$ cat upload.txt   # compact mmCIF, C-alpha atoms
# COMPACT_ATOMS: atom_id res chain seq x y z
CA MET A 1 -11.47 -8.33 18.87
CA LYS A 2 -10.13 -5.03 17.59
CA ALA A 3 -6.36 -5.06 17.03
CA ARG A 4 -4.21 -2.55 18.89
CA ARG A 5 -2.59 0.23 16.97
CA ILE A 6 1.08 -0.47 16.31
CA PHE A 7 3.35 2.56 16.10
CA ASN A 8 6.47 2.42 13.97
CA ARG A 9 9.49 4.29 12.71
CA ILE A 10 9.46 2.93 9.17
CA GLY A 11 8.92 6.33 7.55
CA ILE A 12 11.72 8.08 9.34
CA LEU A 13 14.15 5.18 8.90
CA ARG A 14 13.34 5.01 5.22
CA ARG A 15 13.89 8.74 4.70
CA GLU A 16 17.05 8.69 6.76
CA ARG A 17 18.55 6.07 4.47
CA GLY A 18 17.15 7.53 1.27
CA VAL A 19 15.08 4.44 0.51
CA SER A 20 11.89 4.79 -1.49
CA ARG A 21 8.70 2.99 -0.57
CA LYS A 22 8.97 0.99 -3.77
CA GLU A 23 12.47 -0.17 -2.94
CA LEU A 24 11.53 -1.18 0.60
CA ALA A 25 8.39 -2.89 -0.70
CA ARG A 26 10.41 -4.79 -3.27
CA VAL A 27 12.84 -6.05 -0.67
CA VAL A 28 10.25 -7.16 1.89
CA GLY A 29 7.89 -8.55 -0.76
CA VAL A 30 4.79 -6.35 -0.50
CA ASN A 31 3.07 -3.72 -2.64
CA HIS A 32 4.43 -0.21 -2.07
CA GLN A 33 0.96 0.92 -1.00
CA THR A 34 1.20 -1.49 1.92
CA ILE A 35 4.36 0.32 3.03
CA GLY A 36 2.34 3.53 2.96
CA TYR A 37 -0.38 1.97 5.09
CA LEU A 38 2.26 0.73 7.53
CA GLU A 39 3.86 4.17 7.81
CA ARG A 40 0.49 5.81 8.45
CA GLU A 41 -0.17 3.11 11.06
CA GLU A 42 -3.38 2.15 9.28
CA TYR A 43 -2.28 -1.46 9.00
CA ASN A 44 -0.49 -3.76 11.47
CA PRO A 45 2.16 -5.95 9.88
CA SER A 46 2.31 -9.68 10.40
CA LEU A 47 5.19 -10.99 12.50
CA ASP A 48 6.96 -12.18 9.35
CA LEU A 49 6.68 -8.78 7.68
CA ALA A 50 7.80 -6.94 10.83
CA LEU A 51 10.85 -9.19 11.07
CA LYS A 52 11.68 -8.69 7.39
CA ILE A 53 11.56 -4.92 7.88
CA SER A 54 13.76 -5.11 10.97
CA GLU A 55 16.24 -7.31 9.08
CA TYR A 56 16.33 -4.80 6.22
CA PHE A 57 17.06 -1.86 8.53
CA GLU A 58 19.38 -4.04 10.67
CA LEU A 59 17.65 -2.85 13.81
CA PRO A 60 15.79 -4.74 16.54
CA VAL A 61 12.10 -5.16 15.82
CA GLU A 62 11.19 -3.48 19.13
CA PHE A 63 13.13 -0.39 18.03
CA ILE A 64 11.03 -0.06 14.89
CA PHE A 65 7.63 -1.17 16.19
CA SER A 66 5.84 -0.48 19.46
CA THR A 67 2.37 -0.67 20.96
CA LYS A 68 3.06 2.67 22.64
CA PRO A 69 3.78 5.97 20.84
CA LEU A 70 7.45 6.15 19.92
CA ILE A 71 9.47 9.13 21.06
CA PRO A 72 11.24 11.06 18.29
CA LEU A 73 14.64 9.61 17.37
CA SER A 74 16.34 12.97 18.03
CA GLN A 75 14.96 12.98 21.57
CA GLU A 76 16.06 9.38 22.10
CA LEU A 77 19.53 10.22 20.77
CA TYR A 78 19.78 13.26 23.07
CA ARG A 79 18.75 11.17 26.06
CA LEU A 80 21.38 8.56 25.23
CA LYS A 81 24.06 11.23 24.85
CA LYS A 82 23.14 12.81 28.17
CA GLY A 83 23.31 9.44 29.79
CA GLU A 84 26.90 8.83 28.58
CA MET B 1 1.88 2.85 -14.27
CA GLN B 2 -0.26 3.55 -11.25
CA LYS B 3 -3.93 4.27 -11.87
CA THR B 4 -5.58 5.97 -8.90
CA THR B 5 -8.69 8.09 -8.50
CA SER B 6 -9.97 10.14 -5.58
CA LEU B 7 -12.42 8.66 -3.10
CA THR B 8 -15.17 11.11 -4.11
CA THR B 9 -14.75 10.23 -7.78
CA ARG B 10 -14.86 6.52 -7.02
CA ARG B 11 -17.97 6.82 -4.86
CA THR B 12 -19.71 8.96 -7.47
CA GLY B 13 -18.82 6.38 -10.08
CA VAL B 14 -20.22 3.54 -7.96
CA ILE B 15 -23.52 5.36 -7.40
CA ALA B 16 -23.75 6.30 -11.08
CA THR B 17 -23.14 2.68 -12.15
CA TYR B 18 -25.93 1.33 -9.98
CA VAL B 19 -28.32 4.11 -10.97
CA ALA B 20 -27.65 3.34 -14.65
CA LEU B 21 -28.16 -0.39 -14.04
CA VAL B 22 -31.44 0.11 -12.18
CA LEU B 23 -32.61 2.60 -14.80
CA THR B 24 -31.90 0.05 -17.53
CA ILE B 25 -34.08 -2.53 -15.77
CA VAL B 26 -36.88 -0.07 -15.01
CA LEU B 27 -36.99 1.22 -18.60
CA TYR B 28 -36.88 -2.34 -19.91
CA GLU B 29 -39.86 -3.27 -17.74
CA ILE B 30 -41.85 -0.24 -18.93
CA VAL B 31 -41.04 -1.01 -22.58
CA ALA B 32 -41.80 -4.71 -22.14
CA PHE B 33 -45.14 -4.11 -20.42
CA SER B 34 -46.37 -1.31 -22.63
CA ASP B 35 -46.02 -1.64 -26.41
CA ALA B 36 -47.08 1.98 -26.86
CA ILE B 37 -43.94 3.35 -25.21
CA SER B 38 -41.46 2.12 -27.84
CA TRP B 39 -39.70 5.53 -27.78
CA LEU B 40 -38.27 4.50 -24.42
CA LEU B 41 -36.11 1.95 -26.26
CA ILE B 42 -33.47 4.58 -26.99
CA PRO B 43 -33.15 5.76 -23.35
CA MET B 44 -33.11 2.11 -22.30
CA PHE B 45 -30.18 1.29 -24.59
CA ALA B 46 -28.50 4.54 -23.53
CA ALA B 47 -28.81 3.54 -19.87
CA PHE B 48 -27.38 0.11 -20.68
CA ALA B 49 -24.50 1.67 -22.60
CA ALA B 50 -23.91 4.05 -19.69
CA THR B 51 -23.76 1.07 -17.32
CA ILE B 52 -21.12 -0.66 -19.43
CA LEU B 53 -19.09 2.53 -19.90
CA LEU B 54 -19.21 3.29 -16.17
CA VAL B 55 -18.09 -0.26 -15.34
CA ILE B 56 -15.16 0.23 -17.71
CA PHE B 57 -14.16 3.69 -16.48
CA VAL B 58 -14.87 3.29 -12.78
CA TYR B 59 -13.68 -0.26 -12.24
CA HIS B 60 -11.34 -1.26 -15.07
CA ARG B 61 -9.49 1.97 -15.64
CA GLY B 62 -9.51 2.76 -11.92
CA GLY B 63 -7.50 -0.42 -11.35
CA ILE B 64 -10.03 -1.86 -8.92
CA TRP B 65 -11.27 -4.58 -11.26
CA SER B 66 -7.81 -6.10 -11.63
CA PHE B 67 -7.28 -5.73 -7.89
CA VAL B 68 -10.28 -7.94 -7.14
CA HIS B 69 -9.60 -10.41 -9.94
CA ARG B 70 -5.94 -11.13 -9.23
CA LYS B 71 -4.69 -14.59 -8.35
CA PHE B 72 -4.58 -15.03 -4.60
CA ASP B 73 -0.80 -15.62 -4.65
CA ASP B 74 -0.30 -12.17 -6.18
CA TYR B 75 -1.71 -10.37 -3.13
CA ASP B 76 0.49 -9.25 -0.30
CA GLU B 77 -0.79 -9.84 3.24
CA ARG B 78 -2.74 -6.57 3.47
CA GLU B 79 -4.25 -6.82 -0.01
CA ALA B 80 -5.38 -10.40 0.69
CA VAL B 81 -7.33 -9.22 3.74
CA VAL B 82 -8.89 -6.33 1.78
CA ALA B 83 -9.89 -8.60 -1.12
CA MET B 84 -11.27 -11.34 1.14
CA ASP B 85 -13.33 -8.78 3.08
CA ALA B 86 -14.73 -7.32 -0.14
CA LEU B 87 -15.62 -10.76 -1.50
CA ARG B 88 -17.20 -11.81 1.79
CA HIS B 89 -19.32 -8.68 2.06
CA GLY B 90 -20.13 -8.81 -1.66
CA TYR B 91 -21.31 -12.39 -1.34
CA GLY B 92 -23.58 -11.48 1.58
CA ILE B 93 -25.02 -8.37 -0.05
CA PHE B 94 -25.59 -10.21 -3.34
CA ALA B 95 -27.42 -13.07 -1.62
CA VAL B 96 -29.69 -10.70 0.33
CA LEU B 97 -30.43 -8.51 -2.71
CA VAL B 98 -31.19 -11.37 -5.07
CA LEU B 99 -33.32 -13.23 -2.54
CA SER B 100 -35.25 -10.03 -1.78
CA CYS B 101 -35.85 -9.43 -5.48
CA LEU B 102 -36.94 -13.02 -6.11
CA PHE B 103 -39.25 -12.92 -3.08
CA THR B 104 -40.77 -9.65 -4.32
CA TYR B 105 -41.16 -11.08 -7.81
CA ALA B 106 -42.91 -14.13 -6.38
CA ILE B 107 -45.35 -12.08 -4.26
CA PHE B 108 -46.30 -9.70 -7.06
CA GLU B 109 -46.11 -12.41 -9.73
CA PHE B 110 -43.53 -10.53 -11.78
CA ARG B 111 -41.73 -12.57 -14.35
CA VAL B 112 -37.99 -13.08 -14.24
CA ASP B 113 -36.37 -13.02 -17.62
CA VAL B 114 -32.98 -12.87 -19.30
CA VAL B 115 -32.52 -9.14 -18.68
CA HIS B 116 -33.00 -9.59 -14.92
CA ALA B 117 -30.61 -12.53 -14.91
CA ALA B 118 -28.04 -10.45 -16.81
CA ALA B 119 -28.45 -7.59 -14.33
CA PHE B 120 -27.87 -9.99 -11.43
CA LEU B 121 -24.74 -11.31 -13.14
CA ILE B 122 -23.42 -7.77 -13.68
CA LEU B 123 -24.20 -7.02 -10.03
CA ALA B 124 -22.36 -10.15 -8.87
CA HIS B 125 -19.35 -9.15 -10.91
CA ILE B 126 -19.10 -5.53 -9.82
CA LEU B 127 -20.20 -5.81 -6.18
CA PRO B 128 -16.82 -6.74 -4.61
CA ALA B 129 -15.12 -4.05 -6.68
CA SER B 130 -17.82 -1.56 -5.61
CA ILE B 131 -17.13 -2.30 -1.95
CA ILE B 132 -13.43 -1.67 -2.45
CA ALA B 133 -14.11 1.46 -4.52
CA TRP B 134 -16.39 2.80 -1.81
CA LYS B 135 -13.96 2.34 1.05
CA LYS B 136 -11.23 4.74 1.91
CA GLY B 137 -7.91 3.72 0.46
CA ASN B 138 -5.82 3.74 -2.64
CA TYR B 139 -6.17 0.64 -4.75
CA SER B 140 -4.17 0.58 -7.90
CA CYS B 141 -3.38 -2.26 -10.22
CA ASP B 142 0.30 -1.51 -9.82
CA THR B 143 1.79 -4.79 -8.68
CA GLU B 144 5.43 -3.77 -9.00
$ encode --input "upload.txt" --output "structure tokens"
Amino acid sequence: MKARRIFNRIGILRRERGVSRKELARVVGVNHQTIGYLEREEYNPSLDLALKISEYFELPVEFIFSTKPLIPLSQELYRLKKGE
Amino acid sequence: MQKTTSLTTRRTGVIATYVALVLTIVLYEIVAFSDAISWLLIPMFAAFAATILLVIFVYHRGGIWSFVHRKFDDYDEREAVVAMDALRHGYGIFAVLVLSCLFTYAIFEFRVDVVHAAAFLILAHILPASIIAWKKGNYSCDTE
């Protein structure tokens, strides 16, 4: 059974916080190339790895990963501000 | 230090390695069956040397050899899947190739000697790495 594509915000969160792929990889315990594959959505993380990444960014796992395309963070922020 | 090569370079290297290996065997067979063609000894040894050099440059220096030969605990979750897939496919391809060759040898009453056995051993060793080299992706030996 072919796995679904899992969309994520790892790349943008990493750049936002000035974290390199190597640093993120070191913290979550994978090779930095795996982080690259995750960011390009060419590899779906295991539950354990997804949770480690969400713990590192201190964000809910459903905010970072989704089975549907994620809207840009700027758009999400604007929507939240409008809703205030 | 990360050692990476482009996909085209890797694929060219894989094809060149197998061509050199097959050429070595073919030239060996011609030399072995015909004593008059002793001048083919030099091209035969050249093809063998090319095979070894290509294995070194394509697989060892490309980082793919160490990728396939790491301890299982040293893989992360993605690398473990990639390595297991390569070994599984390599095992299947090797079994089919060797059985086909042996069947052909039996039908045509060819002899199997040390050179053929050595070629099969080289094939067994480089096949999983060839599968990884052929596939899209960046496989370095950088484990940091």
$ atom_distance --input "upload.txt" --atom1 "CA of Ala124 (chain B)" --atom2 "CA of Gly90 (chain B)"
7.7 Å
$ interface_residues --input "upload.txt" --of "chain A" --to "chain B" --cutoff "12 Å" --atoms "all atoms listed in the file" --output "PyMOL selection string"
chain A and resi 21-38+40+42-50
$ closest_residue --input "upload.txt" --among "A:Phe57, A:Glu16, A:Arg4, A:Glu39" --to "Leu73 (chain A)" --atoms "all atoms listed in the file"
A:Glu16
$ residues_around --input "upload.txt" --residues "region 116-120 of chain B" --least-positions-apart "2" --cutoff "9 Å" --atoms "all atoms listed in the file" --output "VMD selection string"
chain B and resid 21 to 22 24 to 25 94 98 112 to 114 122 to 125
$ write_last_selection --input "upload.txt" --atoms "C-alpha atoms" --output "compact mmCIF listing (two decimals), in the coordinates of the input"
# COMPACT_ATOMS: atom_id res chain seq x y z
CA LEU B 21 -28.16 -0.39 -14.04
CA VAL B 22 -31.44 0.11 -12.18
CA THR B 24 -31.90 0.05 -17.53
CA ILE B 25 -34.08 -2.53 -15.77
CA PHE B 94 -25.59 -10.21 -3.34
CA VAL B 98 -31.19 -11.37 -5.07
CA VAL B 112 -37.99 -13.08 -14.24
CA ASP B 113 -36.37 -13.02 -17.62
CA VAL B 114 -32.98 -12.87 -19.30
CA ILE B 122 -23.42 -7.77 -13.68
CA LEU B 123 -24.20 -7.02 -10.03
CA ALA B 124 -22.36 -10.15 -8.87
CA HIS B 125 -19.35 -9.15 -10.91
$ residues_around --input "upload.txt" --residues "Ser54 (chain A)" --least-positions-apart "5" --cutoff "9 Å" --atoms "only C-alpha atoms" --output "ChimeraX atom specification"
/A:49,59-65
